[in-house]
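Structure file structure03.pdb (PDB, C-alpha atoms and all ligand atoms) follows.
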```
ATOM      1  CA  MET F  16       0.000   0.000   0.000
ATOM      2  CA  MET F  17       2.746   2.459   0.932
ATOM      3  CA  THR F  18       4.506   1.929  -2.412
ATOM      4  CA  ASP F  19       1.304   2.020  -4.446
ATOM      5  CA  ALA F  20       2.275   3.404  -7.856
ATOM      6  CA  LYS F  21      -0.990   5.255  -7.984
ATOM      7  CA  TRP F  22      -0.034   7.606  -5.125
ATOM      8  CA  ILE F  23       2.953   9.847  -4.416
ATOM      9  CA  ASP F  24       4.075  10.207  -0.792
ATOM     10  CA  ILE F  25       4.720  13.911  -0.188
ATOM     11  CA  GLY F  26       5.564  13.765   3.511
ATOM     12  CA  PRO F  27       4.041  13.915   6.960
ATOM     13  CA  VAL F  28       0.823  15.759   7.720
ATOM     14  CA  GLU F  29       2.578  17.703  10.527
ATOM     15  CA  GLN F  30       4.716  19.583   8.020
ATOM     16  CA  LEU F  31       1.655  21.652   7.221
ATOM     17  CA  PRO F  32       0.416  24.081   9.856
ATOM     18  CA  ALA F  33      -3.333  24.518  10.224
ATOM     19  CA  MET F  34      -4.563  27.059   7.668
ATOM     20  CA  GLY F  35      -1.201  26.824   5.950
ATOM     21  CA  ALA F  36      -0.025  25.786   2.529
ATOM     22  CA  ARG F  37       3.085  24.590   0.770
ATOM     23  CA  THR F  38       3.973  24.025  -2.839
ATOM     24  CA  LEU F  39       5.236  20.964  -4.549
ATOM     25  CA  PRO F  40       6.876  20.956  -7.951
ATOM     26  CA  VAL F  41       6.061  17.763  -9.810
ATOM     27  CA  GLN F  42       8.469  16.741 -12.514
ATOM     28  CA  GLY F  43       6.766  16.858 -15.869
ATOM     29  CA  GLY F  44       3.703  18.393 -14.323
ATOM     30  CA  GLN F  45       2.398  21.525 -12.777
ATOM     31  CA  GLU F  46       3.247  23.154  -9.479
ATOM     32  CA  ILE F  47       0.824  21.896  -6.871
ATOM     33  CA  ALA F  48      -0.399  23.715  -3.773
ATOM     34  CA  ILE F  49      -1.154  21.616  -0.694
ATOM     35  CA  PHE F  50      -3.445  23.185   1.907
ATOM     36  CA  ARG F  51      -4.445  22.318   5.443
ATOM     37  CA  THR F  52      -7.657  23.770   6.800
ATOM     38  CA  ALA F  53      -8.357  24.868  10.360
ATOM     39  CA  THR F  54     -10.101  21.556  10.973
ATOM     40  CA  GLY F  55      -7.134  19.583   9.649
ATOM     41  CA  SER F  56      -8.377  18.417   6.274
ATOM     42  CA  ILE F  57      -5.763  18.354   3.496
ATOM     43  CA  HIS F  58      -6.424  19.454  -0.087
ATOM     44  CA  ALA F  59      -4.331  19.784  -3.228
ATOM     45  CA  LEU F  60      -4.919  22.082  -6.191
ATOM     46  CA  ALA F  61      -2.884  23.236  -9.140
ATOM     47  CA  ASN F  62      -1.079  26.318  -7.824
ATOM     48  CA  LYS F  63      -2.679  28.605 -10.379
ATOM     49  CA  CYS F  64      -5.694  30.747  -9.828
ATOM     50  CA  PRO F  65      -8.268  30.315 -12.627
ATOM     51  CA  HIS F  66      -8.415  34.111 -12.940
ATOM     52  CA  LYS F  67      -4.871  35.171 -13.878
ATOM     53  CA  ALA F  68      -2.770  32.296 -12.542
ATOM     54  CA  GLY F  69      -2.059  33.851  -9.129
ATOM     55  CA  PRO F  70      -0.226  31.601  -6.641
ATOM     56  CA  LEU F  71      -3.046  30.120  -4.579
ATOM     57  CA  SER F  72      -0.514  28.698  -2.090
ATOM     58  CA  GLN F  73       0.076  32.290  -0.926
ATOM     59  CA  GLY F  74      -3.600  32.907  -0.336
ATOM     60  CA  ILE F  75      -5.550  32.891   2.905
ATOM     61  CA  VAL F  76      -7.232  29.609   3.872
ATOM     62  CA  HIS F  77     -10.650  29.929   5.514
ATOM     63  CA  ASP F  78     -13.125  27.105   5.986
ATOM     64  CA  THR F  79     -12.600  24.936   2.869
ATOM     65  CA  ASN F  80     -11.743  27.864   0.627
ATOM     66  CA  VAL F  81      -8.653  29.844  -0.277
ATOM     67  CA  THR F  82      -8.639  33.510  -1.229
ATOM     68  CA  CYS F  83      -6.258  34.284  -4.055
ATOM     69  CA  PRO F  84      -3.573  36.822  -3.024
ATOM     70  CA  LEU F  85      -3.814  38.793  -6.274
ATOM     71  CA  HIS F  86      -7.439  39.854  -6.727
ATOM     72  CA  ASN F  87      -9.256  38.095  -3.891
ATOM     73  CA  TRP F  88     -11.164  35.481  -5.838
ATOM     74  CA  ARG F  89     -12.333  32.730  -3.495
ATOM     75  CA  ILE F  90     -11.635  29.200  -4.682
ATOM     76  CA  SER F  91     -13.147  26.059  -3.176
ATOM     77  CA  LEU F  92     -10.505  23.598  -1.982
ATOM     78  CA  LEU F  93     -13.069  20.831  -2.486
ATOM     79  CA  THR F  94     -14.051  21.447  -6.107
ATOM     80  CA  GLY F  95     -11.489  23.941  -7.429
ATOM     81  CA  GLU F  96     -14.370  26.198  -8.479
ATOM     82  CA  ALA F  97     -14.347  29.947  -8.107
ATOM     83  CA  LEU F  98     -17.067  31.043  -5.671
ATOM     84  CA  GLY F  99     -19.550  33.871  -5.730
ATOM     85  CA  GLU F 100     -19.785  35.934  -8.895
ATOM     86  CA  ASP F 101     -16.545  34.617 -10.313
ATOM     87  CA  LYS F 102     -16.357  31.810 -12.842
ATOM     88  CA  GLY F 103     -13.482  29.439 -13.327
ATOM     89  CA  CYS F 104     -12.063  26.195 -12.062
ATOM     90  CA  VAL F 105      -8.629  24.955 -11.107
ATOM     91  CA  PRO F 106      -7.700  21.248 -11.217
ATOM     92  CA  VAL F 107      -8.082  19.396  -7.911
ATOM     93  CA  ILE F 108      -5.610  16.623  -7.149
ATOM     94  CA  PRO F 109      -7.013  13.749  -5.069
ATOM     95  CA  VAL F 110      -5.355  13.390  -1.662
ATOM     96  CA  LYS F 111      -5.326  10.611   0.889
ATOM     97  CA  ILE F 112      -3.811  10.368   4.333
ATOM     98  CA  ASP F 113      -2.252   7.087   5.421
ATOM     99  CA  ALA F 114      -0.407   6.586   8.707
ATOM    100  CA  GLY F 115       0.063  10.331   9.139
ATOM    101  CA  ARG F 116       1.518  10.885   5.685
ATOM    102  CA  ILE F 117       0.032  12.792   2.772
ATOM    103  CA  TYR F 118      -0.332  11.114  -0.619
ATOM    104  CA  ILE F 119      -1.430  12.741  -3.855
ATOM    105  CA  GLU F 120      -2.724  10.863  -6.855
ATOM    106  CA  ARG F 121       0.096  10.405  -9.341
ATOM    107  CA  ALA F 122      -1.900  10.627 -12.559
ATOM    108  CA  ALA F 123      -3.661  13.834 -11.537
ATOM    109  CA  ALA F 124      -0.424  15.371 -10.242
ATOM    110  CA  LEU F 125       1.336  14.714 -13.532
ATOM    111  CA  ALA F 126      -1.576  15.676 -15.722
ATOM    112  CA  GLY F 127      -0.685  19.319 -16.073
ATOM    113  CA  VAL F 128      -3.195  22.089 -16.140
ATOM    114  CA  VAL F 129      -6.285  21.028 -18.009
TER     115      VAL F 129
HETATM  116  S1  LIG W   1      -5.194  35.829 -10.216
HETATM  117 FE1  LIG W   1      -6.349  35.040  -8.581
HETATM  118  S2  LIG W   1      -7.898  36.480  -8.304
HETATM  119 FE2  LIG W   1      -6.800  37.229  -9.984
END
```

Spit out the file's structure as structure tokens when you get a sec.
Ligand code: FES
Amino acid sequence: MMTDAKWIDIGPVEQLPAMGARTLPVQGGQEIAIFRTATGSIHALANKCPHKAGPLSQGIVHDTNVTCPLHNWRISLLTGEALGEDKGCVPVIPVKIDAGRIYIERAAALAGVV
């Protein structure tokens, strides 16, 4: 299970502070932003706002959303969709937690921006 080719181990959950984010460059793919919410859930999105490609990893996490640092669009960490009046969607990368470590789905991580 731990060496499942379907999933990439990106490290322990504790590396991410609550309401924090980090980025992960994936060879051959896009830069990915990993987020941890206040309640401890972990989410991964392409690190590109659907508006003008702002770095979502530098945004503010609140509930299960992140606010883009450039023009304040709110993006759902669950669906990648822009919220409110704004329209757009960023790819979501499936995440699982196993024995305190974070895994992201390999195929989605390497897929590049759709
Ligand atoms: S680039 Fe994210 S809101 Fe404009």

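Counting all atoms listed in the file and comparing F:Val107, F:Leu98, F:Val28, F:Val81, the residue that lies closest to Glu120 of chain F is F:Val107.
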
Practice task
Identify all residues satisfying the PyMOL selection byres (((chain F and resi 33-45) around 12) and not hetatm) in the given file; provide them as a ChimeraX atom specification.
Solution key: /F:23-26,28-32,46-63,68,70-82,92,105-108,118-129

Would you give me, as JSON lines, each residue of chain F having an atom within 8 Å of an atom of ligand LIG 1 (chain W), along with its shortest atom pair and that distance in Å to one decimal, using only C-alpha atoms and all ligand atoms and sorting by chain and residue number?
```
{"residue": "F:Lys63", "atom": "CA", "partner": "W:LIG1", "partner_atom": "FE1", "distance": 7.6}
{"residue": "F:Cys64", "atom": "CA", "partner": "W:LIG1", "partner_atom": "FE1", "distance": 4.5}
{"residue": "F:Pro65", "atom": "CA", "partner": "W:LIG1", "partner_atom": "FE1", "distance": 6.5}
{"residue": "F:His66", "atom": "CA", "partner": "W:LIG1", "partner_atom": "S1", "distance": 4.6}
{"residue": "F:Lys67", "atom": "CA", "partner": "W:LIG1", "partner_atom": "S1", "distance": 3.7}
{"residue": "F:Ala68", "atom": "CA", "partner": "W:LIG1", "partner_atom": "S1", "distance": 4.9}
{"residue": "F:Gly69", "atom": "CA", "partner": "W:LIG1", "partner_atom": "S1", "distance": 3.9}
{"residue": "F:Pro70", "atom": "CA", "partner": "W:LIG1", "partner_atom": "FE1", "distance": 7.3}
{"residue": "F:Leu71", "atom": "CA", "partner": "W:LIG1", "partner_atom": "FE1", "distance": 7.2}
{"residue": "F:Thr82", "atom": "CA", "partner": "W:LIG1", "partner_atom": "S2", "distance": 7.7}
{"residue": "F:Cys83", "atom": "CA", "partner": "W:LIG1", "partner_atom": "FE1", "distance": 4.6}
{"residue": "F:Pro84", "atom": "CA", "partner": "W:LIG1", "partner_atom": "FE1", "distance": 6.5}
{"residue": "F:Leu85", "atom": "CA", "partner": "W:LIG1", "partner_atom": "FE2", "distance": 5.0}
{"residue": "F:His86", "atom": "CA", "partner": "W:LIG1", "partner_atom": "S2", "distance": 3.8}
{"residue": "F:Asn87", "atom": "CA", "partner": "W:LIG1", "partner_atom": "S2", "distance": 4.9}
{"residue": "F:Trp88", "atom": "CA", "partner": "W:LIG1", "partner_atom": "S2", "distance": 4.2}
{"residue": "F:Arg89", "atom": "CA", "partner": "W:LIG1", "partner_atom": "S2", "distance": 7.5}
```

Problem - Long-range neighbours of Asp113 of chain F as a PyMOL selection string, 10 Å cut-off, all atoms listed in the file, 2 positions minimum in chain - result: chain F and resi 16-17+24+27-28+110-111+115-118

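Atom to atom, atom CA of Cys104 of chain F and atom CA of Asp19 of chain F stand 28.7 Å apart.
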
Centre and edge lengths of an axis-aligned box around all listed atoms of segment 73-92 of chain F, with 3 Å added on each side, are to be given in Å to one decimal, as lines of an AutoDock Vina configuration file.
```
center_x = -6.5
center_y = 31.7
center_z = -0.4
size_x = 19.2
size_y = 22.3
size_z = 18.7
```
